[in-house]
>>> print(open('input-v5.txt').read())   # compact mmCIF, C-alpha atoms
# COMPACT_ATOMS: atom_id res chain seq x y z
CA MET A 1 4.82 -26.58 26.07
CA GLU A 2 5.13 -22.84 26.26
CA SER A 3 7.72 -22.66 23.51
CA GLN A 4 5.21 -24.10 21.05
CA GLN A 5 2.51 -21.54 21.75
CA GLU A 6 2.04 -18.03 20.45
CA PRO A 7 2.72 -15.35 23.09
CA GLU A 8 -0.64 -14.47 24.58
CA HIS A 9 -0.28 -10.91 25.75
CA LEU A 10 1.41 -8.58 23.34
CA PRO A 11 1.47 -4.85 24.04
CA SER A 12 -1.19 -3.02 22.03
CA GLY A 13 -0.61 0.13 20.00
CA PRO A 14 2.13 0.70 17.43
CA THR A 15 4.22 -2.22 18.69
CA GLU A 16 1.43 -4.73 18.17
CA VAL A 17 2.11 -7.69 15.87
CA VAL A 18 -0.47 -10.14 14.57
CA ASN A 19 -0.61 -13.49 16.33
CA SER A 20 -1.24 -15.60 13.23
CA ILE A 21 1.85 -17.11 11.61
CA ARG A 22 0.10 -17.16 8.26
CA GLU A 23 -0.65 -13.43 8.37
CA ARG A 24 2.87 -12.59 9.47
CA THR A 25 4.34 -14.53 6.58
CA ILE A 26 2.00 -12.99 4.05
CA ALA A 27 2.74 -9.51 5.42
CA GLU A 28 6.51 -9.80 5.55
CA ASN A 29 6.66 -10.82 1.90
CA SER A 30 4.74 -7.81 0.63
CA MET A 31 4.55 -4.03 0.92
CA VAL A 32 1.66 -4.27 3.34
CA VAL A 33 4.24 -4.07 6.12
CA LEU A 34 4.66 -0.40 5.30
CA LEU A 35 0.94 0.21 5.81
CA GLN A 36 1.10 -1.71 9.08
CA GLY A 37 3.82 0.63 10.22
CA LEU A 38 1.46 3.58 9.74
CA GLN A 39 -0.55 2.63 12.83
CA GLY A 40 -1.41 5.72 14.80
CA GLN A 41 -0.91 8.09 11.88
CA VAL A 42 -3.59 10.08 10.13
CA THR A 43 -3.79 9.23 6.44
CA THR A 44 -6.17 9.34 3.52
CA VAL A 45 -7.30 6.13 1.84
CA ASP A 46 -8.69 6.40 -1.68
CA LEU A 47 -11.20 3.66 -2.37
CA LYS A 48 -11.93 1.99 -5.68
CA ASN A 49 -15.47 3.36 -5.58
CA GLU A 50 -14.07 6.91 -5.95
CA SER A 51 -14.69 7.80 -2.31
CA THR A 52 -12.02 8.78 0.19
CA ALA A 53 -11.62 8.23 3.92
CA ARG A 54 -9.30 10.34 6.06
CA GLY A 55 -8.64 9.14 9.57
CA ARG A 56 -6.22 7.63 12.04
CA VAL A 57 -4.94 4.16 11.18
CA VAL A 58 -5.95 1.75 13.92
CA ASN A 59 -4.82 -1.43 12.22
CA VAL A 60 -3.86 -2.91 8.85
CA ASP A 61 -3.79 -6.66 8.33
CA ALA A 62 -1.92 -8.80 5.83
CA PHE A 63 -4.80 -8.59 3.36
CA MET A 64 -4.69 -4.77 3.44
CA ASN A 65 -7.98 -4.58 5.37
CA ILE A 66 -7.74 -1.20 7.12
CA ARG A 67 -9.38 0.07 10.27
CA LEU A 68 -9.55 3.83 10.70
CA ASP A 69 -11.01 5.92 13.48
CA ASN A 70 -12.10 9.57 13.68
CA VAL A 71 -12.86 9.42 10.01
CA LEU A 72 -13.96 12.05 7.56
CA TYR A 73 -15.54 10.08 4.72
CA ARG A 74 -16.15 11.77 1.39
CA ASP A 75 -18.34 9.89 -1.06
CA ARG A 76 -18.01 10.04 -4.85
CA ARG A 77 -20.34 13.05 -4.99
CA GLY A 78 -18.24 14.95 -2.48
CA GLN A 79 -20.65 14.59 0.42
CA LEU A 80 -18.87 14.50 3.78
CA THR A 81 -19.75 12.20 6.67
CA GLN A 82 -18.05 11.85 10.03
CA LEU A 83 -17.54 8.33 11.24
CA GLN A 84 -16.17 7.14 14.54
CA ASP A 85 -14.91 3.87 13.12
CA LEU A 86 -14.43 2.60 9.58
CA PHE A 87 -13.35 -0.81 8.31
CA ILE A 88 -12.20 -0.92 4.71
CA THR A 89 -11.83 -4.27 2.96
CA GLY A 90 -8.42 -4.60 1.31
CA ARG A 91 -9.94 -5.22 -2.12
CA ASN A 92 -11.58 -1.80 -1.97
CA VAL A 93 -8.34 0.11 -1.51
CA ARG A 94 -6.97 2.01 -4.49
CA TYR A 95 -4.39 4.28 -2.83
CA VAL A 96 -3.08 5.06 0.62
CA HIS A 97 -1.54 8.50 1.00
CA ILE A 98 1.68 8.26 2.99
CA PRO A 99 2.20 11.18 5.40
CA ASP A 100 5.23 13.36 4.67
CA ASN A 101 6.92 12.65 7.98
CA VAL A 102 7.13 8.89 7.42
CA ASP A 103 10.55 7.38 6.69
CA ILE A 104 9.62 4.49 4.45
CA MET A 105 12.70 2.31 4.78
CA LYS A 106 12.87 2.74 8.54
CA THR A 107 9.20 1.90 8.93
CA ILE A 108 9.50 -1.25 6.82
CA GLN A 109 12.65 -2.35 8.63
CA SER A 110 11.19 -1.85 12.09
CA GLN A 111 8.00 -3.74 11.13
CA LEU A 112 10.07 -6.65 9.82
CA ALA A 113 12.17 -6.58 12.99
CA ARG A 114 9.02 -6.84 15.11
CA ILE A 115 7.79 -9.80 13.10
CA HIS A 116 11.14 -11.59 13.46
CA ARG A 117 11.27 -10.89 17.20
CA VAL A 118 7.88 -12.46 17.73
CA ARG A 119 8.86 -15.41 15.58
CA ASN A 120 12.03 -15.96 17.63
CA PHE A 121 10.13 -15.72 20.90
CA ALA A 122 7.70 -18.40 19.82
CA SER A 123 10.08 -20.87 18.24
CA HIS A 124 12.05 -23.57 19.99
CA GLY A 125 15.84 -23.31 20.08
CA GLY A 126 16.31 -19.60 19.59
CA GLY A 127 15.03 -19.28 16.03
CA ARG A 128 17.05 -17.95 13.13
CA LYS A 129 20.69 -17.44 14.05
CA GLU A 130 21.14 -14.23 12.11
CA PHE A 131 18.69 -12.43 14.42
CA ALA A 132 20.26 -12.44 17.88
CA THR A 133 17.88 -13.07 20.77
CA LYS A 134 18.14 -10.98 23.89
CA THR A 135 17.52 -13.67 26.52
CA LYS A 136 19.11 -17.08 26.93
CA VAL B 1 10.63 -7.19 0.52
CA GLN B 2 13.05 -9.73 -0.94
CA PRO B 3 16.82 -9.79 -1.27
CA THR B 4 17.85 -8.57 -4.74
CA THR B 5 19.90 -10.26 -7.47
CA ASN B 6 21.77 -8.61 -10.31
CA THR B 7 20.47 -10.50 -13.33
CA VAL B 8 17.17 -10.01 -15.12
CA GLU B 9 15.37 -13.33 -14.76
CA GLU B 10 11.67 -12.55 -14.89
CA PRO B 11 9.38 -9.66 -15.85
CA LEU B 12 9.38 -8.27 -12.30
CA ASP B 13 13.13 -7.84 -12.59
CA LEU B 14 12.52 -5.27 -15.32
CA ILE B 15 10.59 -3.22 -12.79
CA ARG B 16 13.48 -3.60 -10.38
CA LEU B 17 15.67 -1.83 -12.94
CA SER B 18 13.36 1.19 -12.60
CA LEU B 19 13.74 1.55 -8.83
CA ASP B 20 14.38 5.18 -7.89
CA GLU B 21 13.61 6.23 -11.45
CA ARG B 22 10.55 8.04 -12.68
CA ILE B 23 8.02 5.69 -14.23
CA TYR B 24 4.69 5.71 -15.95
CA VAL B 25 1.94 3.48 -14.59
CA LYS B 26 -1.28 2.80 -16.45
CA MET B 27 -4.07 1.85 -14.08
CA ARG B 28 -7.61 0.59 -14.41
CA ASN B 29 -10.48 3.05 -14.72
CA ASP B 30 -8.64 5.32 -17.15
CA ARG B 31 -6.04 6.48 -14.69
CA GLU B 32 -2.35 7.10 -15.18
CA LEU B 33 0.37 7.81 -12.68
CA ARG B 34 3.76 9.37 -13.21
CA GLY B 35 6.11 9.29 -10.27
CA ARG B 36 9.34 8.03 -8.77
CA LEU B 37 9.31 4.34 -7.92
CA HIS B 38 10.52 3.82 -4.36
CA ALA B 39 9.38 0.25 -3.74
CA TYR B 40 7.24 -2.52 -5.15
CA ASP B 41 6.32 -6.12 -4.45
CA GLN B 42 5.18 -9.19 -6.37
CA HIS B 43 1.57 -7.97 -6.37
CA LEU B 44 2.73 -4.74 -7.98
CA ASN B 45 1.78 -2.83 -4.84
CA MET B 46 4.01 0.21 -5.26
CA ILE B 47 5.25 3.22 -3.38
CA LEU B 48 5.51 6.20 -5.70
CA GLY B 49 6.94 9.56 -4.76
CA ASP B 50 6.17 12.94 -6.31
CA VAL B 51 3.20 11.52 -8.17
CA GLU B 52 0.98 13.07 -10.78
CA GLU B 53 -2.31 11.23 -11.27
CA THR B 54 -4.25 11.78 -14.49
CA VAL B 55 -7.88 10.70 -14.69
CA THR B 56 -9.34 10.75 -18.22
CA THR B 57 -13.05 10.92 -18.91
CA VAL B 58 -15.01 10.90 -22.15
CA GLU B 59 -18.17 12.86 -22.58
CA ILE B 60 -20.34 12.36 -25.63
CA ASP B 61 -22.30 15.27 -27.05
CA GLU B 62 -25.85 14.04 -27.37
CA GLU B 63 -26.53 15.85 -30.61
CA THR B 64 -23.29 15.69 -32.56
CA TYR B 65 -22.03 12.47 -30.90
CA GLU B 66 -18.68 14.19 -30.58
CA GLU B 67 -16.32 12.61 -28.08
CA LEU B 68 -14.99 15.16 -25.63
CA TYR B 69 -11.91 13.92 -23.73
CA LYS B 70 -11.24 15.57 -20.40
CA SER B 71 -8.37 14.86 -18.07
CA THR B 72 -8.06 15.83 -14.42
CA LYS B 73 -4.67 15.90 -12.75
CA ARG B 74 -3.59 16.03 -9.16
CA ASN B 75 -0.27 15.81 -7.35
CA ILE B 76 0.45 13.66 -4.32
CA PRO B 77 3.83 13.68 -2.51
CA MET B 78 3.92 9.99 -1.52
CA LEU B 79 1.45 7.32 -2.54
CA PHE B 80 0.97 3.64 -1.82
CA VAL B 81 -0.72 2.01 -4.80
CA ARG B 82 -2.54 -1.30 -4.47
CA GLY B 83 -1.27 -3.66 -7.14
CA ASP B 84 -4.57 -4.99 -8.43
CA GLY B 85 -5.28 -1.63 -10.05
CA VAL B 86 -2.06 -1.65 -12.07
CA VAL B 87 -2.27 -2.46 -15.78
CA LEU B 88 1.22 -1.65 -17.00
CA VAL B 89 4.50 -0.14 -15.84
CA ALA B 90 6.89 1.63 -18.22
CA PRO B 91 9.57 4.32 -18.37
CA PRO B 92 7.95 7.77 -18.61
CA LEU B 93 6.52 8.49 -22.06
CA ARG B 94 8.34 11.08 -24.08
CA VAL B 95 6.00 13.86 -25.24
CA GLY B 96 6.13 14.94 -28.90
>>> encode(input="input-v5.txt", output="structure tokens")
Amino acid sequence: MESQQEPEHLPSGPTEVVNSIRERTIAENSMVVLLQGLQGQVTTVDLKNESTARGRVVNVDAFMNIRLDNVLYRDRRGQLTQLQDLFITGRNVRYVHIPDNVDIMKTIQSQLARIHRVRNFASHGGGRKEFATKTK
Amino acid sequence: VQPTTNTVEEPLDLIRLSLDERIYVKMRNDRELRGRLHAYDQHLNMILGDVEETVTTVEIDEETYEELYKSTKRNIPMLFVRGDGVVLVAPPLRVG
């Protein structure tokens, strides 16, 4: 039945939400949602191994794994490397610099709203009553 | 991102009392942060604003075996801190 399945084609880009229920639940209960809302922005990630990576956030998952593109990677000695694509394991993240123009509360709220919209779309009977659905 | 209660029930609630206040965070690898706490979660992932990071290193003189403590500071306007690096959270230390 269609109402039991995850929606198959979600728009990509900043409005994208993960298809896995488990990841959505993990993400909505932690601050990772803020990092997910940074998709498309250029930020600097400080790694635990004292290196830094500055690039555009492609995607952040519930485990804080981060994909960046157009990256300037600086190793612990200060040597610079340009990388087209970089995947950072969540465990290796020490800091993520938040760009000045980001409104933190708004970003978190809109990410949570996206997660709840997808959850309502997929669940039978309209989902949670406190989040009004557009159709039906 | 949980709804908040008013009573202090568990250690994390003490951190909740510091929301929007300046705090001191001791981190692993001899780092310290001082900044304004904007948000946190159960993993102690935190958003800190107006942060000063202090990294302390010790050099040992090979002849005199003297310990030379050096600290490097930098300022960052808004920082997301991954919780597994956090050792302790406290009100800012008073100097002197």
>>> interface_residues(input="input-v5.txt", of="chain A", to="chain B", cutoff="12 Å", atoms="all atoms listed in the file", output="VMD selection string")
chain A and resid 25 to 35 38 43 to 50 63 to 65 90 to 105 108 to 109 111 to 112
>>> atom_distance(input="input-v5.txt", atom1="CA of Arg16 (chain B)", atom2="CA of Glu32 (chain B)")
19.7 Å
>>> closest_residue(input="input-v5.txt", among="A:Ile115, A:Leu72, A:Leu83, A:Ala53", to="Gln36 (chain A)", atoms="all atoms listed in the file")
A:Ile115
>>> atom_distance(input="input-v5.txt", atom1="CA of Ser110 (chain A)", atom2="CA of Gly40 (chain A)")
14.9 Å
>>> closest_residue(input="input-v5.txt", among="A:Leu68, A:Leu80, A:Ala62, A:Val118", to="Glu23 (chain A)", atoms="only C-alpha atoms")
A:Ala62
>>> atom_distance(input="input-v5.txt", atom1="CA of Val8 (chain B)", atom2="CA of Glu21 (chain B)")
17.0 Å
>>> axis_aligned_box(input="input-v5.txt", around="region 44-51 of chain B", padding_each_side="4 Å", output="AutoDock Vina command-line options")
--center_x 4.4 --center_y 4.1 --center_z -5.8 --size_x 13.2 --size_y 25.7 --size_z 12.8
>>> residues_around(input="input-v5.txt", residues="Leu68 (chain B)", least_positions_apart="4", cutoff="7 Å", atoms="all atoms listed in the file", output="ChimeraX atom specification")
/B:58-60
>>> residues_around(input="input-v5.txt", residues="Pro92 (chain B)", least_positions_apart="5", cutoff="12 Å", atoms="only C-alpha atoms", output="list in words")
Ser18, Glu21, Arg22, Ile23, Tyr24, Val25, Lys26, Glu32, Leu33, Arg34, Gly35, Arg36, Leu37 and Glu52 of chain B
>>> decode(input="input-v5.txt", residues="region 46-64 of chain A", atoms="N, CA, C and O atoms", output="compact mmCIF listing (two decimals), in the first residue's frame")
# COMPACT_ATOMS: atom_id res chain seq x y z
N ASP A 46 36.53 21.74 11.70
CA ASP A 46 37.79 21.41 12.36
C ASP A 46 37.74 19.95 12.75
O ASP A 46 36.79 19.51 13.40
N LEU A 47 38.77 19.20 12.34
CA LEU A 47 38.78 17.78 12.65
C LEU A 47 39.57 17.50 13.91
O LEU A 47 40.38 18.30 14.34
N LYS A 48 39.33 16.34 14.49
CA LYS A 48 40.04 15.97 15.71
C LYS A 48 41.53 15.79 15.48
O LYS A 48 42.32 15.88 16.40
N ASN A 49 41.93 15.52 14.23
CA ASN A 49 43.35 15.33 13.96
C ASN A 49 44.05 16.65 13.67
O ASN A 49 45.10 16.66 13.04
N GLU A 50 43.45 17.76 14.14
CA GLU A 50 44.06 19.09 14.03
C GLU A 50 44.09 19.64 12.61
O GLU A 50 44.73 20.64 12.35
N SER A 51 43.40 18.98 11.66
CA SER A 51 43.34 19.56 10.33
C SER A 51 41.99 20.27 10.17
O SER A 51 41.09 20.08 10.98
N THR A 52 41.89 21.09 9.12
CA THR A 52 40.62 21.78 8.88
C THR A 52 40.22 21.60 7.43
O THR A 52 41.07 21.46 6.54
N ALA A 53 38.92 21.62 7.18
CA ALA A 53 38.41 21.51 5.82
C ALA A 53 37.38 22.61 5.61
O ALA A 53 36.40 22.69 6.35
N ARG A 54 37.61 23.45 4.60
CA ARG A 54 36.65 24.51 4.31
C ARG A 54 36.03 24.24 2.96
O ARG A 54 36.74 24.12 1.96
N GLY A 55 34.69 24.13 2.94
CA GLY A 55 34.03 23.83 1.68
C GLY A 55 32.53 23.97 1.82
O GLY A 55 32.02 24.37 2.87
N ARG A 56 31.84 23.64 0.75
CA ARG A 56 30.38 23.76 0.73
C ARG A 56 29.76 22.48 1.25
O ARG A 56 30.12 21.39 0.83
N VAL A 57 28.81 22.61 2.17
CA VAL A 57 28.19 21.43 2.76
C VAL A 57 27.23 20.79 1.76
O VAL A 57 26.25 21.41 1.34
N VAL A 58 27.53 19.57 1.37
CA VAL A 58 26.65 18.85 0.46
C VAL A 58 25.58 18.12 1.27
O VAL A 58 24.41 18.17 0.97
N ASN A 59 26.01 17.45 2.33
CA ASN A 59 25.07 16.69 3.12
C ASN A 59 25.64 16.39 4.51
O ASN A 59 26.85 16.24 4.67
N VAL A 60 24.74 16.33 5.50
CA VAL A 60 25.14 15.90 6.84
C VAL A 60 24.11 14.86 7.28
O VAL A 60 22.91 15.11 7.19
N ASP A 61 24.58 13.70 7.75
CA ASP A 61 23.60 12.70 8.17
C ASP A 61 23.46 12.71 9.69
O ASP A 61 24.08 13.50 10.39
N ALA A 62 22.61 11.80 10.19
CA ALA A 62 22.29 11.81 11.61
C ALA A 62 23.50 11.51 12.48
O ALA A 62 23.53 11.85 13.66
N PHE A 63 24.51 10.89 11.91
CA PHE A 63 25.70 10.51 12.68
C PHE A 63 26.78 11.58 12.57
O PHE A 63 27.91 11.35 12.96
N MET A 64 26.42 12.74 12.00
CA MET A 64 27.33 13.86 11.80
C MET A 64 28.39 13.58 10.74
O MET A 64 29.38 14.33 10.65
